[in-house]
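Quick look at work_28.cif (mmCIF, C-alpha atoms and all ligand atoms):
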data_coords
#
loop_
_atom_site.label_atom_id
_atom_site.label_comp_id
_atom_site.auth_asym_id
_atom_site.auth_seq_id
_atom_site.Cartn_x
_atom_site.Cartn_y
_atom_site.Cartn_z
CA MET B 1 43.37 11.81 -0.29
CA LYS B 2 42.21 15.34 -0.84
CA THR B 3 43.28 18.00 -3.28
CA LEU B 4 42.04 21.54 -3.16
CA ASN B 5 41.48 23.39 -6.40
CA LYS B 6 42.45 27.00 -6.72
CA PRO B 7 39.57 29.22 -5.58
CA LEU B 8 37.36 30.13 -8.54
CA ASN B 9 36.87 33.58 -7.05
CA ASN B 10 37.04 35.15 -3.63
CA ILE B 11 34.10 33.25 -2.19
CA GLN B 12 33.79 30.02 -4.17
CA MET B 13 36.12 27.11 -3.62
CA SER B 14 35.55 23.63 -5.01
CA GLU B 15 37.18 20.57 -3.53
CA ILE B 16 38.03 17.37 -5.37
CA GLN B 17 38.08 14.29 -3.23
CA LYS B 18 39.28 10.88 -4.33
CA THR B 19 37.89 7.57 -3.13
CA LYS B 20 38.21 3.94 -4.10
CA CYS B 21 34.51 3.42 -3.59
CA LEU B 22 31.59 5.85 -3.62
CA ILE B 23 28.23 4.49 -2.52
CA ILE B 24 25.17 6.54 -3.51
CA GLY B 25 22.18 5.85 -1.27
CA SER B 26 21.56 4.60 2.24
CA GLY B 27 18.92 1.86 2.22
CA PRO B 28 19.73 -1.77 3.06
CA ALA B 29 21.56 -2.06 -0.28
CA GLY B 30 23.84 0.94 0.34
CA TYR B 31 24.64 0.14 3.96
CA THR B 32 25.33 -3.53 3.20
CA ALA B 33 27.62 -2.51 0.34
CA ALA B 34 29.35 -0.14 2.78
CA ILE B 35 29.86 -2.85 5.41
CA TYR B 36 31.45 -5.18 2.87
CA ALA B 37 33.51 -2.49 1.14
CA ALA B 38 34.77 -1.09 4.44
CA ARG B 39 35.76 -4.51 5.73
CA ALA B 40 37.68 -5.01 2.45
CA ASP B 41 39.71 -1.84 3.20
CA MET B 42 38.13 0.16 0.40
CA SER B 43 37.41 3.12 2.74
CA PRO B 44 33.99 3.79 1.18
CA VAL B 45 32.31 7.17 1.14
CA LEU B 46 28.52 6.88 1.37
CA TYR B 47 26.08 9.68 0.53
CA GLN B 48 22.79 9.10 2.30
CA GLY B 49 20.61 10.79 -0.33
CA MET B 50 17.33 12.67 -0.02
CA GLN B 51 15.82 10.11 2.36
CA PRO B 52 18.48 8.83 4.77
CA GLY B 53 17.77 5.19 5.51
CA GLY B 54 15.66 4.86 2.36
CA GLN B 55 12.16 3.50 2.04
CA LEU B 56 12.40 1.27 5.10
CA THR B 57 12.30 4.37 7.28
CA THR B 58 8.65 4.65 6.21
CA THR B 59 7.86 1.05 7.14
CA ASN B 60 6.57 0.20 10.54
CA GLU B 61 7.11 -3.46 11.31
CA VAL B 62 9.58 -5.60 9.37
CA GLU B 63 8.81 -9.23 10.16
CA ASN B 64 10.49 -10.97 7.24
CA PHE B 65 14.14 -9.93 7.57
CA PRO B 66 16.02 -12.99 8.89
CA GLY B 67 17.57 -12.56 12.30
CA TYR B 68 14.76 -10.63 13.95
CA PRO B 69 12.41 -13.29 15.34
CA GLU B 70 10.25 -10.66 17.04
CA GLY B 71 10.39 -8.22 14.09
CA ILE B 72 11.97 -4.76 14.09
CA THR B 73 10.76 -1.35 12.93
CA GLY B 74 12.17 -0.08 9.63
CA PRO B 75 13.77 3.04 11.22
CA ASP B 76 15.40 0.94 13.98
CA MET B 77 16.83 -1.45 11.40
CA MET B 78 18.31 1.43 9.42
CA VAL B 79 19.88 2.96 12.55
CA GLN B 80 21.53 -0.39 13.22
CA LEU B 81 22.74 -0.78 9.62
CA GLU B 82 24.20 2.73 9.69
CA ALA B 83 25.97 2.01 12.99
CA GLN B 84 27.38 -1.21 11.55
CA ALA B 85 28.68 0.61 8.45
CA LYS B 86 30.26 3.29 10.65
CA ARG B 87 31.83 0.68 12.94
CA PHE B 88 34.09 -0.26 10.00
CA GLU B 89 34.74 3.43 9.30
CA THR B 90 32.53 4.09 6.35
CA ASP B 91 32.51 7.84 5.72
CA VAL B 92 28.71 8.32 5.94
CA ARG B 93 27.67 11.76 4.69
CA PHE B 94 24.39 13.64 4.93
CA GLY B 95 23.69 15.00 1.45
CA PHE B 96 23.10 13.73 -2.04
CA ILE B 97 24.86 13.29 -5.39
CA ASN B 98 23.16 15.40 -8.04
CA LYS B 99 25.38 14.91 -11.09
CA VAL B 100 27.66 12.20 -12.46
CA ASP B 101 30.05 11.84 -15.38
CA PHE B 102 30.94 8.22 -16.12
CA SER B 103 32.68 8.91 -19.43
CA GLY B 104 36.23 8.46 -18.15
CA ASP B 105 38.23 5.85 -16.30
CA VAL B 106 37.69 7.77 -13.07
CA HIS B 107 34.03 8.31 -12.28
CA LYS B 108 33.21 11.91 -11.46
CA CYS B 109 30.33 12.69 -9.13
CA TRP B 110 29.15 15.95 -7.62
CA ALA B 111 27.42 16.35 -4.26
CA ASP B 112 24.75 18.94 -3.45
CA ASP B 113 27.27 21.01 -1.47
CA GLY B 114 29.50 21.31 -4.56
CA THR B 115 32.02 18.66 -3.54
CA GLU B 116 33.50 16.91 -6.58
CA ILE B 117 34.38 13.28 -6.02
CA HIS B 118 36.56 11.15 -8.25
CA ALA B 119 35.77 7.50 -7.56
CA ASP B 120 37.48 4.37 -8.85
CA THR B 121 34.26 2.47 -8.28
CA VAL B 122 30.68 3.63 -7.76
CA ILE B 123 27.89 1.60 -6.21
CA ILE B 124 24.46 2.96 -7.07
CA SER B 125 21.88 2.17 -4.38
CA THR B 126 19.49 5.07 -4.85
CA GLY B 127 16.33 2.98 -4.51
CA ALA B 128 12.92 4.08 -5.70
CA SER B 129 10.29 6.70 -4.77
CA ALA B 130 6.54 6.60 -4.31
CA LYS B 131 4.27 7.27 -7.30
CA TYR B 132 1.21 9.52 -7.20
CA LEU B 133 -1.96 9.57 -9.30
CA GLY B 134 -0.99 12.90 -10.85
CA LEU B 135 -4.33 14.61 -10.28
CA GLU B 136 -4.12 18.38 -9.84
CA SER B 137 -6.20 18.22 -6.67
CA GLU B 138 -3.98 15.45 -5.27
CA GLN B 139 -0.81 17.46 -5.91
CA LYS B 140 -2.37 20.61 -4.45
CA TYR B 141 -3.12 18.99 -1.10
CA LEU B 142 0.12 17.03 -1.18
CA LYS B 143 2.22 20.17 -1.58
CA MET B 144 0.37 22.12 1.10
CA GLY B 145 0.56 19.22 3.57
CA GLY B 146 -3.21 19.16 3.58
CA GLY B 147 -3.97 15.46 3.83
CA VAL B 148 -2.41 13.66 0.86
CA SER B 149 0.37 11.23 1.68
CA ALA B 150 2.21 8.23 0.25
CA CYS B 151 3.23 6.93 3.64
CA ALA B 152 0.65 5.69 6.10
CA VAL B 153 3.28 4.81 8.65
CA CYS B 154 4.70 8.36 8.56
CA ASP B 155 1.40 10.24 8.54
CA GLY B 156 -1.33 7.86 9.76
CA PHE B 157 -0.88 9.20 13.28
CA PHE B 158 -2.41 12.52 12.22
CA TYR B 159 -5.68 10.82 11.27
CA ARG B 160 -6.38 8.92 14.47
CA GLY B 161 -10.10 8.39 14.90
CA GLN B 162 -10.81 9.85 11.44
CA GLU B 163 -11.85 8.40 8.09
CA THR B 164 -9.18 7.82 5.45
CA ILE B 165 -8.89 6.62 1.86
CA ILE B 166 -6.10 4.52 0.40
CA VAL B 167 -5.56 3.94 -3.32
CA GLY B 168 -3.86 0.78 -4.58
CA ALA B 169 -4.17 -2.98 -4.47
CA GLY B 170 -0.61 -4.23 -4.05
CA ASP B 171 1.15 -5.46 -0.93
CA SER B 172 2.02 -1.89 0.05
CA ALA B 173 -1.59 -0.73 -0.15
CA CYS B 174 -2.76 -3.72 1.89
CA GLU B 175 -0.06 -3.26 4.49
CA GLU B 176 -0.82 0.46 4.80
CA ALA B 177 -4.61 -0.07 4.84
CA HIS B 178 -4.18 -2.52 7.68
CA TYR B 179 -1.91 -0.11 9.53
CA LEU B 180 -4.43 2.73 9.08
CA SER B 181 -7.32 0.52 10.21
CA LYS B 182 -5.74 0.33 13.65
CA LEU B 183 -5.65 4.13 13.95
CA CYS B 184 -8.64 5.34 11.94
CA SER B 185 -12.37 4.92 12.41
CA LYS B 186 -12.76 3.77 8.80
CA VAL B 187 -10.50 3.10 5.79
CA THR B 188 -11.87 3.03 2.25
CA MET B 189 -9.65 1.21 -0.21
CA LEU B 190 -9.94 2.18 -3.86
CA VAL B 191 -8.97 -0.71 -6.16
CA ARG B 192 -9.03 0.02 -9.89
CA ARG B 193 -9.58 -3.56 -11.05
CA ASP B 194 -11.87 -6.28 -9.72
CA GLU B 195 -9.03 -8.00 -7.89
CA PHE B 196 -5.96 -7.37 -5.74
CA ARG B 197 -2.41 -7.53 -6.98
CA ALA B 198 -1.22 -8.21 -3.43
CA SER B 199 -0.24 -11.63 -2.11
CA ARG B 200 -3.19 -13.67 -0.89
CA ILE B 201 -2.26 -13.39 2.80
CA MET B 202 -2.12 -9.59 2.64
CA ALA B 203 -5.37 -9.31 0.68
CA GLU B 204 -7.17 -11.66 3.07
CA ARG B 205 -6.02 -9.63 6.05
CA VAL B 206 -7.55 -6.50 4.53
CA LYS B 207 -10.78 -8.28 3.57
CA ASN B 208 -11.14 -9.60 7.09
CA THR B 209 -10.70 -6.22 8.77
CA ASP B 210 -14.07 -4.81 9.82
CA ASN B 211 -13.36 -1.10 9.37
CA ILE B 212 -11.83 -1.43 5.88
CA GLU B 213 -14.30 -1.04 3.01
CA ILE B 214 -12.98 -2.12 -0.40
CA LEU B 215 -14.38 -0.47 -3.52
CA PHE B 216 -13.36 -2.54 -6.56
CA ASN B 217 -13.37 -1.19 -10.14
CA THR B 218 -13.02 2.27 -8.70
CA ASP B 219 -11.02 5.24 -10.01
CA THR B 220 -10.34 8.53 -8.28
CA ILE B 221 -11.73 11.44 -10.26
CA GLU B 222 -10.73 14.17 -7.85
CA VAL B 223 -9.43 14.67 -4.34
CA LEU B 224 -11.95 16.93 -2.61
CA GLY B 225 -11.07 19.57 -0.04
CA ASP B 226 -12.10 22.82 1.59
CA GLY B 227 -8.98 24.71 0.54
CA GLN B 228 -7.28 23.92 3.86
CA GLY B 229 -7.33 20.14 3.77
CA VAL B 230 -8.81 17.01 2.27
CA THR B 231 -12.50 16.29 2.89
CA GLY B 232 -12.86 13.25 0.66
CA ALA B 233 -12.67 12.05 -2.92
CA LEU B 234 -14.96 11.90 -5.89
CA VAL B 235 -14.73 8.36 -7.21
CA LYS B 236 -16.18 6.53 -10.20
CA ASN B 237 -17.03 2.90 -10.75
CA ASN B 238 -15.33 2.17 -14.07
CA LYS B 239 -17.78 -0.65 -14.86
CA THR B 240 -21.09 1.09 -14.12
CA GLY B 241 -20.00 4.71 -14.52
CA GLU B 242 -21.56 5.56 -11.15
CA GLU B 243 -19.88 8.44 -9.32
CA LYS B 244 -19.98 9.08 -5.60
CA THR B 245 -18.22 10.98 -2.86
CA VAL B 246 -16.24 9.17 -0.19
CA ASN B 247 -15.63 11.21 2.94
CA ALA B 248 -12.12 11.26 4.39
CA THR B 249 -9.63 13.66 5.94
CA GLY B 250 -6.61 11.69 4.76
CA PHE B 251 -5.94 10.48 1.20
CA PHE B 252 -3.18 7.89 1.00
CA VAL B 253 -1.61 6.73 -2.24
CA ALA B 254 0.12 3.32 -2.45
CA ILE B 255 0.40 2.60 -6.17
CA GLY B 256 4.01 1.64 -6.58
CA HIS B 257 7.35 3.32 -7.03
CA LYS B 258 9.67 4.98 -9.53
CA PRO B 259 13.40 4.19 -9.49
CA ASN B 260 15.59 7.12 -8.42
CA THR B 261 17.82 7.05 -11.46
CA ASP B 262 17.24 10.39 -13.20
CA ILE B 263 20.82 11.58 -12.65
CA PHE B 264 22.13 8.49 -14.45
CA LYS B 265 20.19 9.09 -17.69
CA GLY B 266 22.63 9.17 -20.59
CA GLN B 267 25.40 7.83 -18.33
CA ILE B 268 24.44 4.17 -17.94
CA ASN B 269 21.86 1.89 -19.54
CA LEU B 270 18.36 2.21 -18.10
CA ASP B 271 15.27 0.30 -19.23
CA GLU B 272 12.14 2.03 -20.52
CA THR B 273 10.80 2.51 -16.98
CA GLY B 274 14.07 3.93 -15.64
CA TYR B 275 15.40 0.86 -13.84
CA ILE B 276 19.16 0.34 -14.25
CA GLU B 277 20.02 -2.59 -16.47
CA TYR B 278 22.54 -5.21 -15.47
CA GLU B 279 25.28 -5.76 -18.01
CA GLN B 280 25.74 -9.32 -16.90
CA ALA B 281 23.03 -11.41 -15.23
CA GLY B 282 23.99 -12.74 -11.82
CA THR B 283 26.33 -9.82 -11.10
CA SER B 284 25.87 -6.19 -10.05
CA LYS B 285 27.72 -4.86 -13.12
CA THR B 286 26.25 -2.05 -15.21
CA ASN B 287 27.43 -1.32 -18.75
CA VAL B 288 30.04 1.10 -17.34
CA ALA B 289 33.18 -0.57 -16.01
CA GLY B 290 33.57 0.17 -12.31
CA VAL B 291 29.94 1.21 -11.79
CA PHE B 292 27.74 -1.28 -9.96
CA VAL B 293 24.11 -1.26 -8.89
CA ALA B 294 22.33 -2.70 -5.87
CA GLY B 295 18.78 -2.69 -4.55
CA ASP B 296 15.54 -1.26 -5.93
CA ALA B 297 17.19 1.03 -8.50
CA ALA B 298 17.59 -2.12 -10.59
CA ASP B 299 14.96 -4.39 -9.09
CA LYS B 300 11.35 -4.29 -10.18
CA THR B 301 10.68 -7.87 -9.26
CA TYR B 302 11.60 -8.59 -5.66
CA ARG B 303 12.02 -5.15 -4.04
CA GLN B 304 12.60 -6.54 -0.57
CA ALA B 305 14.99 -5.33 2.12
CA ILE B 306 16.71 -8.69 2.14
CA THR B 307 17.20 -8.79 -1.64
CA ALA B 308 18.48 -5.20 -1.55
CA ALA B 309 20.97 -6.16 1.17
CA GLY B 310 22.02 -9.22 -0.85
CA THR B 311 22.69 -7.19 -3.97
CA GLY B 312 24.55 -4.61 -1.85
CA CYS B 313 26.91 -7.39 -0.81
CA MET B 314 27.31 -8.46 -4.45
CA ALA B 315 28.10 -4.91 -5.55
CA ALA B 316 30.83 -4.49 -2.93
CA LEU B 317 32.41 -7.83 -3.86
CA ASP B 318 32.24 -6.97 -7.57
CA ALA B 319 33.81 -3.56 -6.87
CA GLU B 320 36.58 -5.15 -4.83
CA ARG B 321 37.34 -7.64 -7.63
CA TYR B 322 37.30 -4.86 -10.20
CA LEU B 323 39.87 -2.89 -8.19
CA ALA B 324 42.01 -5.99 -7.63
CA ALA B 325 42.02 -6.71 -11.37
CA LYS B 326 43.20 -3.15 -11.98
CA GLY B 327 46.04 -3.70 -9.51
CA HIS B 328 44.73 -1.46 -6.72
P1 LIG B 401 2.79 -2.87 -6.87
O1 LIG B 401 3.36 -2.42 -8.14
O2 LIG B 401 2.88 -4.30 -6.50
O3 LIG B 401 1.24 -2.49 -6.81
C1 LIG B 401 0.79 -1.23 -7.21
C2 LIG B 401 -0.72 -1.22 -7.10
O4 LIG B 401 -1.18 0.10 -7.40
C3 LIG B 401 -1.39 -2.16 -8.08
O5 LIG B 401 -2.47 -2.80 -7.46
C4 LIG B 401 -1.87 -1.22 -9.18
O6 LIG B 401 -3.06 -1.63 -9.79
C5 LIG B 401 -2.16 0.04 -8.41
N1 LIG B 401 -2.06 1.22 -9.25
C6 LIG B 401 -1.03 1.62 -10.02
N2 LIG B 401 -1.30 2.77 -10.63
C7 LIG B 401 -2.53 3.11 -10.24
C8 LIG B 401 -3.38 4.20 -10.53
N3 LIG B 401 -2.99 5.18 -11.34
N4 LIG B 401 -4.61 4.23 -9.96
C9 LIG B 401 -4.99 3.26 -9.13
N5 LIG B 401 -4.25 2.20 -8.79
C10 LIG B 401 -3.03 2.12 -9.36
O7 LIG B 401 3.47 -1.93 -5.77
P2 LIG B 401 3.64 -2.14 -4.20
O8 LIG B 401 4.27 -0.91 -3.75
O9 LIG B 401 2.39 -2.54 -3.56
O10 LIG B 401 4.64 -3.36 -4.05
C11 LIG B 401 5.93 -3.31 -4.67
C12 LIG B 401 6.70 -4.59 -4.35
O11 LIG B 401 7.03 -4.65 -2.97
C13 LIG B 401 5.88 -5.83 -4.65
O12 LIG B 401 6.73 -6.81 -5.17
C14 LIG B 401 5.38 -6.25 -3.29
O13 LIG B 401 5.13 -7.63 -3.21
C15 LIG B 401 6.50 -5.83 -2.38
N6 LIG B 401 6.04 -5.54 -1.02
C16 LIG B 401 6.12 -6.52 -0.08
C17 LIG B 401 5.69 -6.29 1.21
C18 LIG B 401 5.82 -7.37 2.22
O14 LIG B 401 6.07 -8.51 1.83
N7 LIG B 401 5.68 -7.11 3.48
C19 LIG B 401 5.13 -5.00 1.63
C20 LIG B 401 5.06 -4.04 0.55
C21 LIG B 401 5.50 -4.31 -0.71
P3 LIG B 401 -3.13 -2.92 -10.77
O15 LIG B 401 -3.06 -4.10 -9.87
O16 LIG B 401 -4.44 -2.72 -11.43
O17 LIG B 401 -1.96 -2.79 -11.69
#
Exercise: express the given structure as C-alpha cells:
Amino acid sequence: MKTLNKPLNNIQMSEIQKTKCLIIGSGPAGYTAAIYAARADMSPVLYQGMQPGGQLTTTNEVENFPGYPEGITGPDMMVQLEAQAKRFETDVRFGFINKVDFSGDVHKCWADDGTEIHADTVIISTGASAKYLGLESEQKYLKMGGGVSACAVCDGFFYRGQETIIVGAGDSACEEAHYLSKLCSKVTMLVRRDEFRASRIMAERVKNTDNIEILFNTDTIEVLGDGQGVTGALVKNNKTGEEKTVNATGFFVAIGHKPNTDIFKGQINLDETGYIEYEQAGTSKTNVAGVFVAGDAADKTYRQAITAAGTGCMAALDAERYLAAKGH
C-alpha cells in the first residue's frame, strides 16, 4: 500500500508508505521478529539501521548460540538470519529511522531518505552501541582512525605483531583481550578496580594467557600519540598514585554499551540510563499501544544473542495479537 503525496516543490517529493509492522534494527532481535512477523502474514518492513547485522557483526566466534555445535562467526550468523527473514519476504531495507511520532493510533516513522512510514505496529530492536572513556586524546585518535577502536575483532588485524592496550574488565574486554593476544605481541589490560567483572571462565582465560599483562587499579589519564597515530597511554594506579607510560599502537576500549534509543526520547518510557522500559513484565509491550521492544535496547541484564532472538519472537507474537485484537 503506497500513497504519494503531492510534490512539495519541483524537486522534493515525500512518500508515505503504510505497513502492518515496522521493525527498526537488524540484530538477532530484529531478524527474529521479522521471521515470525513475516510467517504470520504481517508483511514486515525492516530498517537495518546504522550497523546492519548489529553488534554481532563485530564478534568473531559465537559458541553459545544453540544449533551451532562447531560455533559460527557473528557476521556469518547475521547473513543467515537476514536470508531467513528474506525467505519469508520481509522487506529488508538499507537505511535507518531517524524520527518517530507515537502520539496517534498510527505510528509515524521517518527514514533517513525522507520516506514517511505509517505503521500499525512497531518493533524496536535498535540494540546498543559501544561506550568510550570520553578523553579528548581518545576521541582525537578515534575520529582520525589513528589507533583507537571499540572492536578488537574488526580492527585487531591492523595490529598484528604489535603491542596493544585494552580497557575494561567485563566479558567483552576479556574476550577481546584474548582475541588480540593471538594477533599481537603483547596486550596490556587496564582494569580500574582490583577485580574483574567478567565471568570466572573468561577472567581465568585472560590470566592464563602469557602475553596479556593485567594492570589492576589502573585508570587511563591520556591516550598518547605522535599526531598520526597512537603510541601508548599514560596510566595511573588509583591506589598508589603512580603514573607510567604503556607503549602500544592500538588502544581498544571495551567498557560497555549505551542503548540506541535517543530517537524514542519523549515518545516512550525510558529508564534513567536510556533503556526502554517494559509496560508489562513478561511481554515485549512498551507504554505505547502497538509499540514493542526486543533485544538490547531494553536489556541491560542478559544482552545475549539468544535472549535478543527470544525477545524478537515475543515482540512479533505480541504485535500479531495486538493486530488481531484490533480486527486486522
Ligand atoms: P560490562 O558492563 O559487563 O563491563 C564493562 C566493564 O568496563 C566493567 O569491568 C567496568 O568496570 C569497565 N568500565 C566501565 N567504565 C569504565 C571506565 N570509564 N574506565 C574503565 N573501565 C570502565 O560490559 P561488557 O560489554 O563486558 O558485557 C556486557 C554484557 O554482555 C555482560 O552481561 C556480559 O556478560 C555479556 N557478554 C557475554 C559474552 C559471552 O558470554 N561470550 C561476551 C561479551 C559480553 P567495573 O567492573 O569497575 O564497573
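Among the candidate residues B:Tyr278, B:Phe252, B:Trp110, B:Tyr322, the one lying nearest to ligand LIG 401 (chain B) is B:Phe252, with distances computed using all atoms listed in the file.
Across B:Gly282, B:Gly256, B:Gly274, B:Gly161, the tightest approach to B:Ala173 is made by B:Gly256 when counting only C-alpha atoms.
Note that atom CA of B:Phe65 and atom CA of B:Leu270 are 28.7 Å apart.
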Surrounding residues of stretch 19-31 of chain B excluding itself and chain neighbours under 2 positions, 8 Å, all atoms listed in the file, as a PyMOL selection string = chain B and resi 1+17+33-35+37+42-49+51-56+78+81-82+85+96-97+117-127+294-295+305-306+308-313+319
request  = For stretch 153-160 of chain B, work out the shell of residues within 10 Å, counting only C-alpha atoms and skipping chain neighbours fewer than 3 positions away, then give it as a PyMOL selection string.
outcome  = chain B and resi 57-61+147-150+163-164+175-177+179-186+248-250+252
task = Please give me, as a PyMOL selection string, the residues lying within 9 Å of ligand LIG 401 (chain B) when counting only C-alpha atoms and all ligand atoms.
result = chain B and resi 59+61-64+130-134+167-176+190-199+202+218-220+253-257+300-304
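The spacing separating atom CA of B:Ala128 from atom CA of B:Ala83 amounts to 22.9 Å.
When atom CA of B:Met50 is paired with atom CA of B:Ala281, their separation reads 29.0 Å.
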message = Quick one: residues within 7 Å of stretch 232-239 of chain B, only C-alpha atoms, excluding same-chain residues fewer than 2 positions away - as JSON, numbers by chain?
response = {"B": [217, 218, 219, 220, 221, 222, 223, 224, 225, 230, 241, 242, 243, 244, 245, 246, 247, 248, 249]}
Residues as selected, C-alpha atoms, written as a tab-separated table (two decimals), keeping the file's coordinate frame, can you do that?
chain	number	residue	atom	x	y	z
B	217	ASN	CA	-13.37	-1.19	-10.14
B	218	THR	CA	-13.02	2.27	-8.70
B	219	ASP	CA	-11.02	5.24	-10.01
B	220	THR	CA	-10.34	8.53	-8.28
B	221	ILE	CA	-11.73	11.44	-10.26
B	222	GLU	CA	-10.73	14.17	-7.85
B	223	VAL	CA	-9.43	14.67	-4.34
B	224	LEU	CA	-11.95	16.93	-2.61
B	225	GLY	CA	-11.07	19.57	-0.04
B	230	VAL	CA	-8.81	17.01	2.27
B	241	GLY	CA	-20.00	4.71	-14.52
B	242	GLU	CA	-21.56	5.56	-11.15
B	243	GLU	CA	-19.88	8.44	-9.32
B	244	LYS	CA	-19.98	9.08	-5.60
B	245	THR	CA	-18.22	10.98	-2.86
B	246	VAL	CA	-16.24	9.17	-0.19
B	247	ASN	CA	-15.63	11.21	2.94
B	248	ALA	CA	-12.12	11.26	4.39
B	249	THR	CA	-9.63	13.66	5.94
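Comparing B:Val293, B:Ile72, B:Ala38, B:Val187 by their smallest distance to B:Gln84, the closest is B:Ala38 (using only C-alpha atoms).
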As lines of an AutoDock Vina configuration file, what would the box around stretch 162-177 of chain B look like: edges along x, y and z, 5 Å added on every side, centre and edge lengths in Å to one decimal?
center_x = -4.9
center_y = 2.2
center_z = 3.4
size_x = 23.9
size_y = 25.3
size_z = 26.0
